[in-house]
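Engineer: As input, take query_25.cif (mmCIF, C-alpha atoms):
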```
data_my_file
loop_
_atom_site.group_PDB
_atom_site.id
_atom_site.type_symbol
_atom_site.label_atom_id
_atom_site.label_comp_id
_atom_site.auth_asym_id
_atom_site.auth_seq_id
_atom_site.Cartn_x
_atom_site.Cartn_y
_atom_site.Cartn_z
ATOM 1 C CA MET U 1 100.582 168.942 92.433
ATOM 2 C CA SER U 2 100.874 165.349 91.305
ATOM 3 C CA ASP U 3 101.488 165.025 87.583
ATOM 4 C CA ARG U 4 98.302 163.012 87.237
ATOM 5 C CA HIS U 5 96.067 165.525 88.958
ATOM 6 C CA GLY U 6 97.764 168.363 87.070
ATOM 7 C CA GLN U 7 97.076 166.526 83.837
ATOM 8 C CA ARG U 8 93.422 166.172 84.824
ATOM 9 C CA VAL U 9 93.171 169.933 85.406
ATOM 10 C CA ARG U 10 94.844 170.679 82.061
ATOM 11 C CA GLU U 11 92.531 168.279 80.207
ATOM 12 C CA GLN U 12 89.522 169.857 81.858
ATOM 13 C CA PHE U 13 90.407 173.499 81.317
ATOM 14 C CA GLY U 14 92.407 173.469 78.049
ATOM 15 C CA PRO U 15 89.385 172.918 75.772
ATOM 16 C CA SER U 16 87.229 175.220 77.957
ATOM 17 C CA ALA U 17 89.640 178.174 77.776
ATOM 18 C CA GLU U 18 87.470 180.293 75.500
ATOM 19 C CA ALA U 19 84.378 179.732 77.665
ATOM 20 C CA TYR U 20 86.236 181.149 80.671
ATOM 21 C CA VAL U 21 87.361 184.200 78.718
ATOM 22 C CA THR U 22 83.776 185.014 77.743
ATOM 23 C CA SER U 23 82.248 183.978 81.098
ATOM 24 C CA VAL U 24 80.175 186.857 82.455
ATOM 25 C CA SER U 25 80.234 185.386 85.961
ATOM 26 C CA HIS U 26 84.054 185.530 86.017
ATOM 27 C CA ALA U 27 84.450 188.932 84.308
ATOM 28 C CA ALA U 28 82.586 191.041 86.842
ATOM 29 C CA GLY U 29 80.515 190.975 89.983
ATOM 30 C CA ALA U 30 80.479 191.870 93.652
ATOM 31 C CA ASP U 31 83.160 189.248 94.367
ATOM 32 C CA LEU U 32 85.737 190.778 92.021
ATOM 33 C CA GLU U 33 84.790 194.266 93.252
ATOM 34 C CA GLN U 34 85.468 193.217 96.858
ATOM 35 C CA LEU U 35 88.910 191.818 95.993
ATOM 36 C CA LEU U 36 89.715 194.986 94.034
ATOM 37 C CA ALA U 37 88.679 197.152 96.989
ATOM 38 C CA TRP U 38 91.024 195.200 99.280
ATOM 39 C CA GLY U 39 93.770 195.341 96.654
ATOM 40 C CA ARG U 40 93.392 199.049 95.971
ATOM 41 C CA ALA U 41 93.898 199.838 99.646
ATOM 42 C CA ARG U 42 97.264 198.047 99.508
ATOM 43 C CA ARG U 43 98.507 200.222 96.585
ATOM 44 C CA PRO U 44 100.304 197.175 95.225
ATOM 45 C CA SER U 45 103.460 197.357 93.179
ATOM 46 C CA ARG U 46 103.661 193.793 91.877
ATOM 47 C CA VAL U 47 100.653 191.449 91.778
ATOM 48 C CA LEU U 48 100.565 187.725 90.999
ATOM 49 C CA ASP U 49 97.234 186.301 89.817
ATOM 50 C CA VAL U 50 97.342 182.554 90.437
ATOM 51 C CA ALA U 51 95.079 180.376 88.253
ATOM 52 C CA THR U 52 94.230 183.420 86.162
ATOM 53 C CA GLY U 53 91.866 181.425 83.901
ATOM 54 C CA GLY U 54 90.289 183.860 81.448
ATOM 55 C CA GLY U 55 92.517 186.631 82.825
ATOM 56 C CA HIS U 56 89.733 188.811 84.227
ATOM 57 C CA THR U 57 91.252 189.263 87.673
ATOM 58 C CA ALA U 58 94.723 189.954 86.237
ATOM 59 C CA LEU U 59 93.255 192.556 83.872
ATOM 60 C CA ALA U 60 91.293 194.243 86.667
ATOM 61 C CA PHE U 61 94.372 194.414 88.918
ATOM 62 C CA ALA U 62 96.514 195.744 86.062
ATOM 63 C CA GLY U 63 94.555 198.969 86.530
ATOM 64 C CA LEU U 64 95.760 199.456 90.086
ATOM 65 C CA ALA U 65 99.202 197.836 90.237
ATOM 66 C CA THR U 66 102.543 198.682 88.682
ATOM 67 C CA ARG U 67 102.897 195.209 87.323
ATOM 68 C CA VAL U 68 100.807 192.012 87.152
ATOM 69 C CA VAL U 69 101.874 188.449 86.391
ATOM 70 C CA ALA U 70 99.039 186.229 85.092
ATOM 71 C CA PHE U 71 99.817 182.633 86.080
ATOM 72 C CA ASP U 72 98.065 179.394 85.132
ATOM 73 C CA LEU U 73 98.698 175.649 84.927
ATOM 74 C CA THR U 74 97.025 175.345 81.537
ATOM 75 C CA GLU U 75 98.832 176.735 78.481
ATOM 76 C CA PRO U 76 95.752 177.114 76.227
ATOM 77 C CA MET U 77 94.005 178.994 79.039
ATOM 78 C CA LEU U 78 96.905 181.431 79.331
ATOM 79 C CA ARG U 79 97.057 181.946 75.567
ATOM 80 C CA ALA U 80 93.295 182.611 75.509
ATOM 81 C CA ALA U 81 93.686 185.097 78.382
ATOM 82 C CA ARG U 82 96.500 186.864 76.522
ATOM 83 C CA GLU U 83 94.401 187.006 73.364
ATOM 84 C CA PHE U 84 91.516 188.500 75.381
ATOM 85 C CA ILE U 85 93.709 191.131 77.045
ATOM 86 C CA ARG U 86 95.695 192.025 73.926
ATOM 87 C CA GLY U 87 94.523 195.241 72.331
ATOM 88 C CA ARG U 88 93.131 196.641 75.581
ATOM 89 C CA GLY U 89 96.061 198.971 76.052
ATOM 90 C CA VAL U 90 97.467 197.070 79.008
ATOM 91 C CA ALA U 91 101.261 197.086 78.964
ATOM 92 C CA ASN U 92 102.043 195.973 82.518
ATOM 93 C CA LEU U 93 100.971 192.323 82.296
ATOM 94 C CA ALA U 94 103.204 189.272 81.868
ATOM 95 C CA TYR U 95 102.231 185.598 81.468
ATOM 96 C CA VAL U 96 103.795 182.517 83.044
ATOM 97 C CA THR U 97 102.694 178.860 82.938
ATOM 98 C CA GLY U 98 103.315 176.904 86.120
ATOM 99 C CA ASP U 99 102.039 175.033 89.145
ATOM 100 C CA VAL U 100 100.964 176.942 92.265
ATOM 101 C CA GLU U 101 102.492 174.189 94.416
ATOM 102 C CA ALA U 102 105.931 175.024 92.938
ATOM 103 C CA LEU U 103 105.898 178.730 92.103
ATOM 104 C CA PRO U 104 108.790 179.879 89.857
ATOM 105 C CA PHE U 105 109.206 183.252 91.601
ATOM 106 C CA GLN U 106 111.684 184.731 94.053
ATOM 107 C CA ALA U 107 110.711 184.920 97.700
ATOM 108 C CA GLY U 108 109.038 188.245 98.478
ATOM 109 C CA ALA U 109 108.579 189.179 94.814
ATOM 110 C CA PHE U 110 104.930 190.296 95.149
ATOM 111 C CA SER U 111 103.005 192.729 97.328
ATOM 112 C CA VAL U 112 99.663 191.084 96.507
ATOM 113 C CA VAL U 113 98.731 187.581 95.325
ATOM 114 C CA THR U 114 95.197 186.935 94.054
ATOM 115 C CA CYS U 115 93.459 183.613 93.434
ATOM 116 C CA ARG U 116 89.803 183.353 92.455
ATOM 117 C CA ILE U 117 87.700 180.189 92.538
ATOM 118 C CA ALA U 118 90.623 177.850 91.921
ATOM 119 C CA LEU U 119 92.136 176.332 95.054
ATOM 120 C CA HIS U 120 89.395 173.676 95.154
ATOM 121 C CA HIS U 121 91.195 172.231 92.101
ATOM 122 C CA VAL U 122 94.548 171.940 93.838
ATOM 123 C CA ALA U 123 95.599 168.520 95.129
ATOM 124 C CA ASN U 124 97.544 169.961 98.079
ATOM 125 C CA PRO U 125 96.138 173.357 99.110
ATOM 126 C CA GLY U 126 98.484 173.575 102.109
ATOM 127 C CA ALA U 127 101.533 173.412 99.831
ATOM 128 C CA ALA U 128 99.958 175.912 97.439
ATOM 129 C CA ILE U 129 99.262 178.459 100.171
ATOM 130 C CA ARG U 130 102.769 178.047 101.624
ATOM 131 C CA GLU U 131 104.144 178.861 98.174
ATOM 132 C CA VAL U 132 101.883 181.927 97.972
ATOM 133 C CA ALA U 133 103.176 183.051 101.380
ATOM 134 C CA ARG U 134 106.782 182.535 100.238
ATOM 135 C CA VAL U 135 106.455 184.848 97.209
ATOM 136 C CA LEU U 136 104.676 187.575 99.212
ATOM 137 C CA GLY U 137 106.815 190.348 100.663
ATOM 138 C CA PRO U 138 106.551 191.222 104.385
ATOM 139 C CA GLY U 139 103.051 192.528 105.098
ATOM 140 C CA GLY U 140 101.893 191.455 101.642
ATOM 141 C CA SER U 141 98.282 190.373 101.095
ATOM 142 C CA PHE U 142 96.804 187.171 99.759
ATOM 143 C CA LEU U 143 93.345 187.897 98.326
ATOM 144 C CA VAL U 144 91.566 184.615 97.839
ATOM 145 C CA GLN U 145 88.062 183.642 96.793
ATOM 146 C CA ASP U 146 86.661 180.146 96.579
ATOM 147 C CA ILE U 147 83.521 178.078 96.930
ATOM 148 C CA LEU U 148 82.678 177.777 100.617
ATOM 149 C CA GLY U 149 82.409 174.217 101.887
ATOM 150 C CA HIS U 150 79.165 173.273 103.619
ATOM 151 C CA ASP U 151 79.359 172.531 107.341
ATOM 152 C CA ASP U 152 77.061 169.504 107.095
ATOM 153 C CA GLN U 153 79.064 166.467 105.963
ATOM 154 C CA GLU U 154 76.289 164.834 103.939
ATOM 155 C CA ILE U 155 75.323 168.039 102.197
ATOM 156 C CA ALA U 156 78.989 168.747 101.464
ATOM 157 C CA SER U 157 79.348 165.262 99.940
ATOM 158 C CA PHE U 158 76.268 165.871 97.778
ATOM 159 C CA ILE U 159 77.583 169.089 96.236
ATOM 160 C CA THR U 160 81.104 167.671 95.830
ATOM 161 C CA GLU U 161 79.584 164.826 93.808
ATOM 162 C CA VAL U 162 77.655 167.331 91.652
ATOM 163 C CA GLU U 163 80.867 169.310 91.102
ATOM 164 C CA ARG U 164 82.972 166.245 90.265
ATOM 165 C CA ARG U 165 80.474 164.897 87.756
ATOM 166 C CA ARG U 166 80.714 168.223 85.959
ATOM 167 C CA ASP U 167 84.474 168.594 86.419
ATOM 168 C CA PRO U 168 86.616 165.604 87.463
ATOM 169 C CA SER U 169 89.459 167.954 88.470
ATOM 170 C CA HIS U 170 87.331 169.376 91.299
ATOM 171 C CA VAL U 171 88.879 168.264 94.606
ATOM 172 C CA ARG U 172 86.614 169.843 97.245
ATOM 173 C CA ALA U 173 85.538 173.123 98.785
ATOM 174 C CA TYR U 174 86.853 174.052 102.238
ATOM 175 C CA ARG U 175 84.901 175.338 105.228
ATOM 176 C CA ALA U 176 85.676 178.732 106.757
ATOM 177 C CA ARG U 177 87.625 177.216 109.648
ATOM 178 C CA GLU U 178 89.613 175.032 107.233
ATOM 179 C CA TRP U 179 90.557 178.127 105.218
ATOM 180 C CA LYS U 180 91.751 179.879 108.360
ATOM 181 C CA ALA U 181 93.817 176.862 109.404
ATOM 182 C CA LEU U 182 95.377 176.584 105.936
ATOM 183 C CA LEU U 183 96.258 180.291 105.880
ATOM 184 C CA ARG U 184 97.508 180.292 109.479
ATOM 185 C CA GLY U 185 99.660 177.253 108.715
ATOM 186 C CA ALA U 186 101.404 179.255 106.005
ATOM 187 C CA GLY U 187 102.084 182.257 108.254
ATOM 188 C CA LEU U 188 99.187 184.340 106.921
ATOM 189 C CA THR U 189 96.727 186.141 109.206
ATOM 190 C CA VAL U 190 93.133 186.741 108.146
ATOM 191 C CA ILE U 191 92.450 190.498 108.162
ATOM 192 C CA ASP U 192 89.151 190.619 106.278
ATOM 193 C CA GLU U 193 86.538 188.037 105.439
ATOM 194 C CA THR U 194 83.203 188.055 103.683
ATOM 195 C CA VAL U 195 80.760 185.545 102.209
ATOM 196 C CA LEU U 196 78.820 186.257 99.022
ATOM 197 C CA THR U 197 76.353 184.175 97.077
ATOM 198 C CA LYS U 198 76.733 183.398 93.413
ATOM 199 C CA VAL U 199 73.865 182.076 91.306
ATOM 200 C CA ARG U 200 74.940 179.347 88.899
ATOM 201 C CA VAL U 201 72.758 179.206 85.818
ATOM 202 C CA TRP U 202 72.673 175.517 84.982
ATOM 203 C CA ASP U 203 73.000 175.791 81.179
ATOM 204 C CA ASP U 204 75.944 178.148 81.511
ATOM 205 C CA TRP U 205 77.586 176.185 84.329
ATOM 206 C CA THR U 206 77.361 172.762 82.684
ATOM 207 C CA GLY U 207 77.989 174.149 79.193
ATOM 208 C CA ARG U 208 81.270 175.828 80.174
ATOM 209 C CA MET U 209 82.685 172.363 80.935
ATOM 210 C CA ARG U 210 81.270 170.876 77.710
ATOM 211 C CA MET U 211 79.157 168.258 79.485
ATOM 212 C CA ALA U 212 77.677 165.753 77.039
ATOM 213 C CA PRO U 213 73.840 165.753 76.965
ATOM 214 C CA ASP U 214 73.564 162.296 78.550
ATOM 215 C CA ALA U 215 76.069 163.107 81.312
ATOM 216 C CA ARG U 216 74.154 166.278 81.980
ATOM 217 C CA ARG U 217 70.845 164.407 82.133
ATOM 218 C CA ALA U 218 72.405 161.881 84.508
ATOM 219 C CA LEU U 219 73.629 164.716 86.709
ATOM 220 C CA GLU U 220 70.166 166.274 86.701
ATOM 221 C CA GLY U 221 68.753 162.902 87.717
ATOM 222 C CA PHE U 222 71.244 162.782 90.583
ATOM 223 C CA VAL U 223 70.191 166.252 91.742
ATOM 224 C CA LEU U 224 66.467 165.489 91.427
ATOM 225 C CA SER U 225 66.778 162.258 93.409
ATOM 226 C CA ALA U 226 68.754 163.877 96.242
ATOM 227 C CA PRO U 227 66.975 164.610 99.545
ATOM 228 C CA GLU U 228 65.123 167.917 99.428
ATOM 229 C CA PRO U 229 67.221 169.518 102.220
ATOM 230 C CA HIS U 230 70.372 168.848 100.166
ATOM 231 C CA ARG U 231 68.929 170.760 97.238
ATOM 232 C CA ALA U 232 67.516 173.471 99.500
ATOM 233 C CA ALA U 233 70.977 174.103 100.970
ATOM 234 C CA PHE U 234 72.053 175.405 97.546
ATOM 235 C CA ASP U 235 68.675 176.818 96.525
ATOM 236 C CA PHE U 236 68.372 174.495 93.526
ATOM 237 C CA ARG U 237 65.655 175.849 91.194
ATOM 238 C CA LEU U 238 64.038 173.160 89.092
ATOM 239 C CA THR U 239 62.181 173.266 85.789
ATOM 240 C CA ASP U 240 59.643 170.713 84.536
ATOM 241 C CA THR U 241 62.421 168.641 83.016
ATOM 242 C CA GLY U 242 65.589 169.486 84.889
ATOM 243 C CA VAL U 243 67.570 172.128 86.744
ATOM 244 C CA GLU U 244 67.452 175.873 86.172
ATOM 245 C CA SER U 245 70.029 177.157 88.649
ATOM 246 C CA PHE U 246 71.588 176.798 92.076
ATOM 247 C CA THR U 247 73.412 179.105 94.429
ATOM 248 C CA ASP U 248 76.962 178.745 95.687
ATOM 249 C CA ARG U 249 78.336 180.556 98.674
ATOM 250 C CA MET U 250 81.734 182.112 98.043
ATOM 251 C CA ILE U 251 84.214 182.919 100.774
ATOM 252 C CA LEU U 252 86.518 185.891 100.197
ATOM 253 C CA LEU U 253 89.496 186.370 102.458
ATOM 254 C CA ARG U 254 92.298 188.863 102.795
ATOM 255 C CA ALA U 255 95.197 187.320 104.702
ATOM 256 C CA ASP U 256 98.420 189.200 105.323
ATOM 257 C CA LYS U 257 101.905 187.827 105.699
ATOM 258 C CA ASP U 258 103.207 188.208 109.239
ATOM 259 C CA MET B 259 109.392 187.535 74.712
ATOM 260 C CA ILE B 260 110.328 187.807 78.348
ATOM 261 C CA ASP B 261 111.093 191.272 79.621
ATOM 262 C CA ASP B 262 113.798 192.162 82.142
ATOM 263 C CA GLU B 263 111.286 192.899 84.873
ATOM 264 C CA LEU B 264 109.972 189.324 84.678
ATOM 265 C CA LYS B 265 113.470 187.835 84.337
ATOM 266 C CA ALA B 266 114.402 189.568 87.584
ATOM 267 C CA ILE B 267 111.820 187.612 89.611
ATOM 268 C CA LEU B 268 111.688 184.228 87.831
ATOM 269 C CA VAL B 269 113.465 181.337 89.559
ATOM 270 C CA CYS B 270 113.533 177.580 89.072
ATOM 271 C CA PRO B 271 110.272 176.125 90.450
ATOM 272 C CA ALA B 272 112.186 173.087 91.751
ATOM 273 C CA CYS B 273 115.249 174.554 93.508
ATOM 274 C CA LYS B 274 114.271 178.282 93.489
ATOM 275 C CA GLY B 275 117.735 178.989 92.058
ATOM 276 C CA ASP B 276 118.736 181.563 89.447
ATOM 277 C CA LEU B 277 118.010 180.907 85.789
ATOM 278 C CA ARG B 278 119.764 181.563 82.506
ATOM 279 C CA PHE B 279 117.555 182.904 79.728
ATOM 280 C CA GLU B 280 117.972 181.779 76.139
ATOM 281 C CA GLU B 281 115.867 182.502 73.055
ATOM 282 C CA THR B 282 113.648 179.430 73.251
ATOM 283 C CA ARG B 283 114.310 178.028 76.708
ATOM 284 C CA ILE B 284 115.203 178.853 80.266
ATOM 285 C CA ILE B 285 118.028 176.944 81.915
ATOM 286 C CA CYS B 286 118.421 176.013 85.568
ATOM 287 C CA PRO B 287 122.151 175.158 85.781
ATOM 288 C CA ALA B 288 121.754 173.767 89.325
ATOM 289 C CA CYS B 289 118.980 171.277 88.439
ATOM 290 C CA ARG B 290 120.286 170.789 84.892
ATOM 291 C CA LYS B 291 116.846 171.400 83.512
ATOM 292 C CA ALA B 292 115.668 173.418 80.512
ATOM 293 C CA TYR B 293 112.192 174.940 80.705
ATOM 294 C CA PRO B 294 110.571 175.644 77.323
ATOM 295 C CA ILE B 295 109.305 179.022 76.162
ATOM 296 C CA ARG B 296 106.230 178.374 74.049
ATOM 297 C CA ASP B 297 104.347 181.126 72.193
ATOM 298 C CA GLY B 298 106.459 183.615 74.116
ATOM 299 C CA ILE B 299 105.253 182.266 77.475
ATOM 300 C CA PRO B 300 107.702 180.603 79.887
ATOM 301 C CA VAL B 301 106.468 177.112 80.783
ATOM 302 C CA MET B 302 107.846 176.690 84.299
ATOM 303 C CA LEU B 303 106.469 173.196 84.914
ATOM 304 C CA ILE B 304 108.912 170.687 86.377
ATOM 305 C CA ASP B 305 107.337 167.849 84.362
ATOM 306 C CA GLU B 306 107.721 169.830 81.120
ATOM 307 C CA ALA B 307 111.445 170.529 81.617
ATOM 308 C CA GLN B 308 114.045 168.772 79.452
ATOM 309 C CA PRO B 309 117.319 167.435 80.820
ATOM 310 C CA TRP B 310 120.165 169.874 80.180
ATOM 311 C CA SER B 311 123.916 169.533 80.470
ATOM 312 C CA PRO B 312 126.537 172.310 80.327
ATOM 313 C CA SER B 313 128.047 170.968 77.093
ATOM 314 C CA ALA B 314 124.717 170.930 75.214
#
```
Please lay out the structure from this file as structure tokens.
Structural biologist:
Amino acid sequence: MSDRHGQRVREQFGPSAEAYVTSVSHAAGADLEQLLAWGRARRPSRVLDVATGGGHTALAFAGLATRVVAFDLTEPMLRAAREFIRGRGVANLAYVTGDVEALPFQAGAFSVVTCRIALHHVANPGAAIREVARVLGPGGSFLVQDILGHDDQEIASFITEVERRRDPSHVRAYRAREWKALLRGAGLTVIDETVLTKVRVWDDWTGRMRMAPDARRALEGFVLSAPEPHRAAFDFRLTDTGVESFTDRMILLRADKD
Amino acid sequence: MIDDELKAILVCPACKGDLRFEETRIICPACRKAYPIRDGIPVMLIDEAQPWSPSA
């Protein structure tokens, strides 16, 4: 990751660390349950949770693995995750700050690597996924979840603009075929795949990133002035004065190392 | 505090070489870099590493 983009991610997520720890949409849900089901079947010894954020995925996997490493680019995020997990009787978790594009782990060190809703922040996803593949042992599984890119170019541009106005460290979401190409390029084969929807409650979604009221109003104006089919693609629900919610599609993939 | 289990799998993010663990920092002798340990958490970011030389 370039230093500048990495800095942007750290600036964005450092002050929001606490909001990610308490985020209900990150702590539980059908998406996390699906990843856990895939993970459980692998009976993993060592798990790496990349971009652990509030630490929810790392904590959940600590219940089914011998050992979990919670990994994040942002130091305050990792400290907040540790604070959240401390006192929950979990003794098999370790914390490391670093960049997914240059992982500080031995080749083959992990039987499972997880990464939830994060690779759209990475400047070079190809490099990141190659690093994930490097630290996986033979037959190891990468369990990845992210926002699914829209197939229509104009609609994809619309939602990317919405995302970037909320969070300047957002790069973009990838389409299903792009995910498969990225994984394949790193020597990982897709074994399982599913798409789930996730409702984003506007107040919660914009609040987590500490959007200023005027920036938020401007973003609502942008959404309201967009062509109706653009909004319909994400099921934007409007109120009299603004936006109530929208719906993201999430892609979940299990890809195994050859 | 970094336990032995973690020490066994940590490598330098730049050269993937073996590391030497000290109280407050982690040394990569090959790259001559020292990675800080802050609040007990290893900070394995290449741009956060300090130059290190064997005599220091």
Engineer: Using Å and a single decimal, report how far atom CA of U:Leu64 sits from atom CA of U:Leu32.
Structural biologist: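 Spanning atom CA of U:Leu32 to atom CA of U:Leu64 is a straight-line distance of 13.4 Å.
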Engineer: What's around stretch 303-314 of chain B at 10 Å? Count only C-alpha atoms, leave out sequence neighbours fewer than 4 positions away in its own chain, and write the answer as a list in words.
Structural biologist: Ser2, Asp3, Gly6, Leu73, Val96, Thr97, Gly98, Asp99, Val100, Ala102, Leu103 and Pro104 of chain U; Cys270, Pro271, Ala272, Arg283, Ile284, Ile285, Cys286, Pro287, Cys289, Arg290, Lys291, Ala292, Tyr293 and Pro294 of chain B
Engineer: Output as JSON lines one row per residue of chain B within 10 Å of chain U: the closest atom pair and its distance in Å to one decimal place, counting all atoms listed in the file, sorted by chain and residue number ascending.
Structural biologist:
```
{"residue": "B:Met259", "atom": "CA", "partner": "U:Ala94", "partner_atom": "CA", "distance": 9.6}
{"residue": "B:Ile260", "atom": "CA", "partner": "U:Ala94", "partner_atom": "CA", "distance": 8.1}
{"residue": "B:Asp261", "atom": "CA", "partner": "U:Ala94", "partner_atom": "CA", "distance": 8.4}
{"residue": "B:Glu263", "atom": "CA", "partner": "U:Arg67", "partner_atom": "CA", "distance": 9.0}
{"residue": "B:Leu264", "atom": "CA", "partner": "U:Ala94", "partner_atom": "CA", "distance": 7.3}
{"residue": "B:Lys265", "atom": "CA", "partner": "U:Phe105", "partner_atom": "CA", "distance": 9.6}
{"residue": "B:Ala266", "atom": "CA", "partner": "U:Gln106", "partner_atom": "CA", "distance": 8.5}
{"residue": "B:Ile267", "atom": "CA", "partner": "U:Gln106", "partner_atom": "CA", "distance": 5.3}
{"residue": "B:Leu268", "atom": "CA", "partner": "U:Phe105", "partner_atom": "CA", "distance": 4.6}
{"residue": "B:Val269", "atom": "CA", "partner": "U:Pro104", "partner_atom": "CA", "distance": 4.9}
{"residue": "B:Cys270", "atom": "CA", "partner": "U:Pro104", "partner_atom": "CA", "distance": 5.3}
{"residue": "B:Pro271", "atom": "CA", "partner": "U:Pro104", "partner_atom": "CA", "distance": 4.1}
{"residue": "B:Ala272", "atom": "CA", "partner": "U:Ala102", "partner_atom": "CA", "distance": 6.7}
{"residue": "B:Cys273", "atom": "CA", "partner": "U:Pro104", "partner_atom": "CA", "distance": 9.1}
{"residue": "B:Lys274", "atom": "CA", "partner": "U:Pro104", "partner_atom": "CA", "distance": 6.8}
{"residue": "B:Gly275", "atom": "CA", "partner": "U:Gln106", "partner_atom": "CA", "distance": 8.6}
{"residue": "B:Asp276", "atom": "CA", "partner": "U:Gln106", "partner_atom": "CA", "distance": 9.0}
{"residue": "B:Ile295", "atom": "CA", "partner": "U:Thr97", "partner_atom": "CA", "distance": 9.5}
{"residue": "B:Arg296", "atom": "CA", "partner": "U:Glu75", "partner_atom": "CA", "distance": 8.8}
{"residue": "B:Asp297", "atom": "CA", "partner": "U:Arg79", "partner_atom": "CA", "distance": 8.1}
{"residue": "B:Gly298", "atom": "CA", "partner": "U:Tyr95", "partner_atom": "CA", "distance": 8.7}
{"residue": "B:Ile299", "atom": "CA", "partner": "U:Val96", "partner_atom": "CA", "distance": 5.8}
{"residue": "B:Pro300", "atom": "CA", "partner": "U:Val96", "partner_atom": "CA", "distance": 5.4}
{"residue": "B:Val301", "atom": "CA", "partner": "U:Thr97", "partner_atom": "CA", "distance": 4.7}
{"residue": "B:Met302", "atom": "CA", "partner": "U:Gly98", "partner_atom": "CA", "distance": 4.9}
{"residue": "B:Leu303", "atom": "CA", "partner": "U:Gly98", "partner_atom": "CA", "distance": 5.0}
{"residue": "B:Ile304", "atom": "CA", "partner": "U:Gly98", "partner_atom": "CA", "distance": 8.4}
{"residue": "B:Asp305", "atom": "CA", "partner": "U:Asp3", "partner_atom": "CA", "distance": 7.2}
{"residue": "B:Glu306", "atom": "CA", "partner": "U:Gly98", "partner_atom": "CA", "distance": 9.7}
```
Engineer: Once 3 Å is added on each side, what centre and edge lengths in Å to one decimal does the axis-aligned box around all listed atoms of stretch 259-268 of chain B have, as JSON?
Structural biologist:
```
{"center_x": 111.9, "center_y": 188.6, "center_z": 82.2, "size_x": 11.0, "size_y": 14.7, "size_z": 20.9}
```
Engineer: Between U:Leu219, U:Val50, U:Ala81, U:Leu182, which is the closest to U:Gly14 once you count all atoms listed in the file?
Structural biologist: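 That would be U:Ala81, the residue with the smallest distance to U:Gly14.
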Engineer: List the neighbours of U:Leu148 out to 12 Å using only C-alpha atoms; skip same-chain residues closer than 2 positions along the sequence, and give me the result as a PDB file with C-alpha atoms, in the frame of the given file.
Structural biologist:
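Wrote selection-v2.pdb, looks like this:
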```pdb
ATOM      1  CA  ILE U 117      87.700 180.189  92.538  1.00  0.00           C
ATOM      2  CA  ALA U 118      90.623 177.850  91.921  1.00  0.00           C
ATOM      3  CA  LEU U 119      92.136 176.332  95.054  1.00  0.00           C
ATOM      4  CA  HIS U 120      89.395 173.676  95.154  1.00  0.00           C
ATOM      5  CA  VAL U 144      91.566 184.615  97.839  1.00  0.00           C
ATOM      6  CA  GLN U 145      88.062 183.642  96.793  1.00  0.00           C
ATOM      7  CA  ASP U 146      86.661 180.146  96.579  1.00  0.00           C
ATOM      8  CA  HIS U 150      79.165 173.273 103.619  1.00  0.00           C
ATOM      9  CA  ASP U 151      79.359 172.531 107.341  1.00  0.00           C
ATOM     10  CA  ASP U 152      77.061 169.504 107.095  1.00  0.00           C
ATOM     11  CA  ALA U 156      78.989 168.747 101.464  1.00  0.00           C
ATOM     12  CA  ILE U 159      77.583 169.089  96.236  1.00  0.00           C
ATOM     13  CA  THR U 160      81.104 167.671  95.830  1.00  0.00           C
ATOM     14  CA  ARG U 172      86.614 169.843  97.245  1.00  0.00           C
ATOM     15  CA  ALA U 173      85.538 173.123  98.785  1.00  0.00           C
ATOM     16  CA  TYR U 174      86.853 174.052 102.238  1.00  0.00           C
ATOM     17  CA  ARG U 175      84.901 175.338 105.228  1.00  0.00           C
ATOM     18  CA  ALA U 176      85.676 178.732 106.757  1.00  0.00           C
ATOM     19  CA  ARG U 177      87.625 177.216 109.648  1.00  0.00           C
ATOM     20  CA  GLU U 178      89.613 175.032 107.233  1.00  0.00           C
ATOM     21  CA  TRP U 179      90.557 178.127 105.218  1.00  0.00           C
ATOM     22  CA  GLU U 193      86.538 188.037 105.439  1.00  0.00           C
ATOM     23  CA  THR U 194      83.203 188.055 103.683  1.00  0.00           C
ATOM     24  CA  VAL U 195      80.760 185.545 102.209  1.00  0.00           C
ATOM     25  CA  LEU U 196      78.820 186.257  99.022  1.00  0.00           C
ATOM     26  CA  THR U 197      76.353 184.175  97.077  1.00  0.00           C
ATOM     27  CA  LYS U 198      76.733 183.398  93.413  1.00  0.00           C
ATOM     28  CA  PHE U 234      72.053 175.405  97.546  1.00  0.00           C
ATOM     29  CA  THR U 247      73.412 179.105  94.429  1.00  0.00           C
ATOM     30  CA  ASP U 248      76.962 178.745  95.687  1.00  0.00           C
ATOM     31  CA  ARG U 249      78.336 180.556  98.674  1.00  0.00           C
ATOM     32  CA  MET U 250      81.734 182.112  98.043  1.00  0.00           C
ATOM     33  CA  ILE U 251      84.214 182.919 100.774  1.00  0.00           C
ATOM     34  CA  LEU U 252      86.518 185.891 100.197  1.00  0.00           C
ATOM     35  CA  LEU U 253      89.496 186.370 102.458  1.00  0.00           C
TER      36      LEU U 253
END
```
Engineer: Please measure the separation of atom CA of U:Ser111 and atom CA of U:Leu35, giving the value in Å to one decimal.
Structural biologist: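 Rounded to one decimal, the two atoms are 14.2 Å apart.
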Engineer: Separation of atom CA of U:Ala19 and atom CA of U:Pro213, in Å?
Structural biologist: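 These atoms are spaced 17.5 Å apart.
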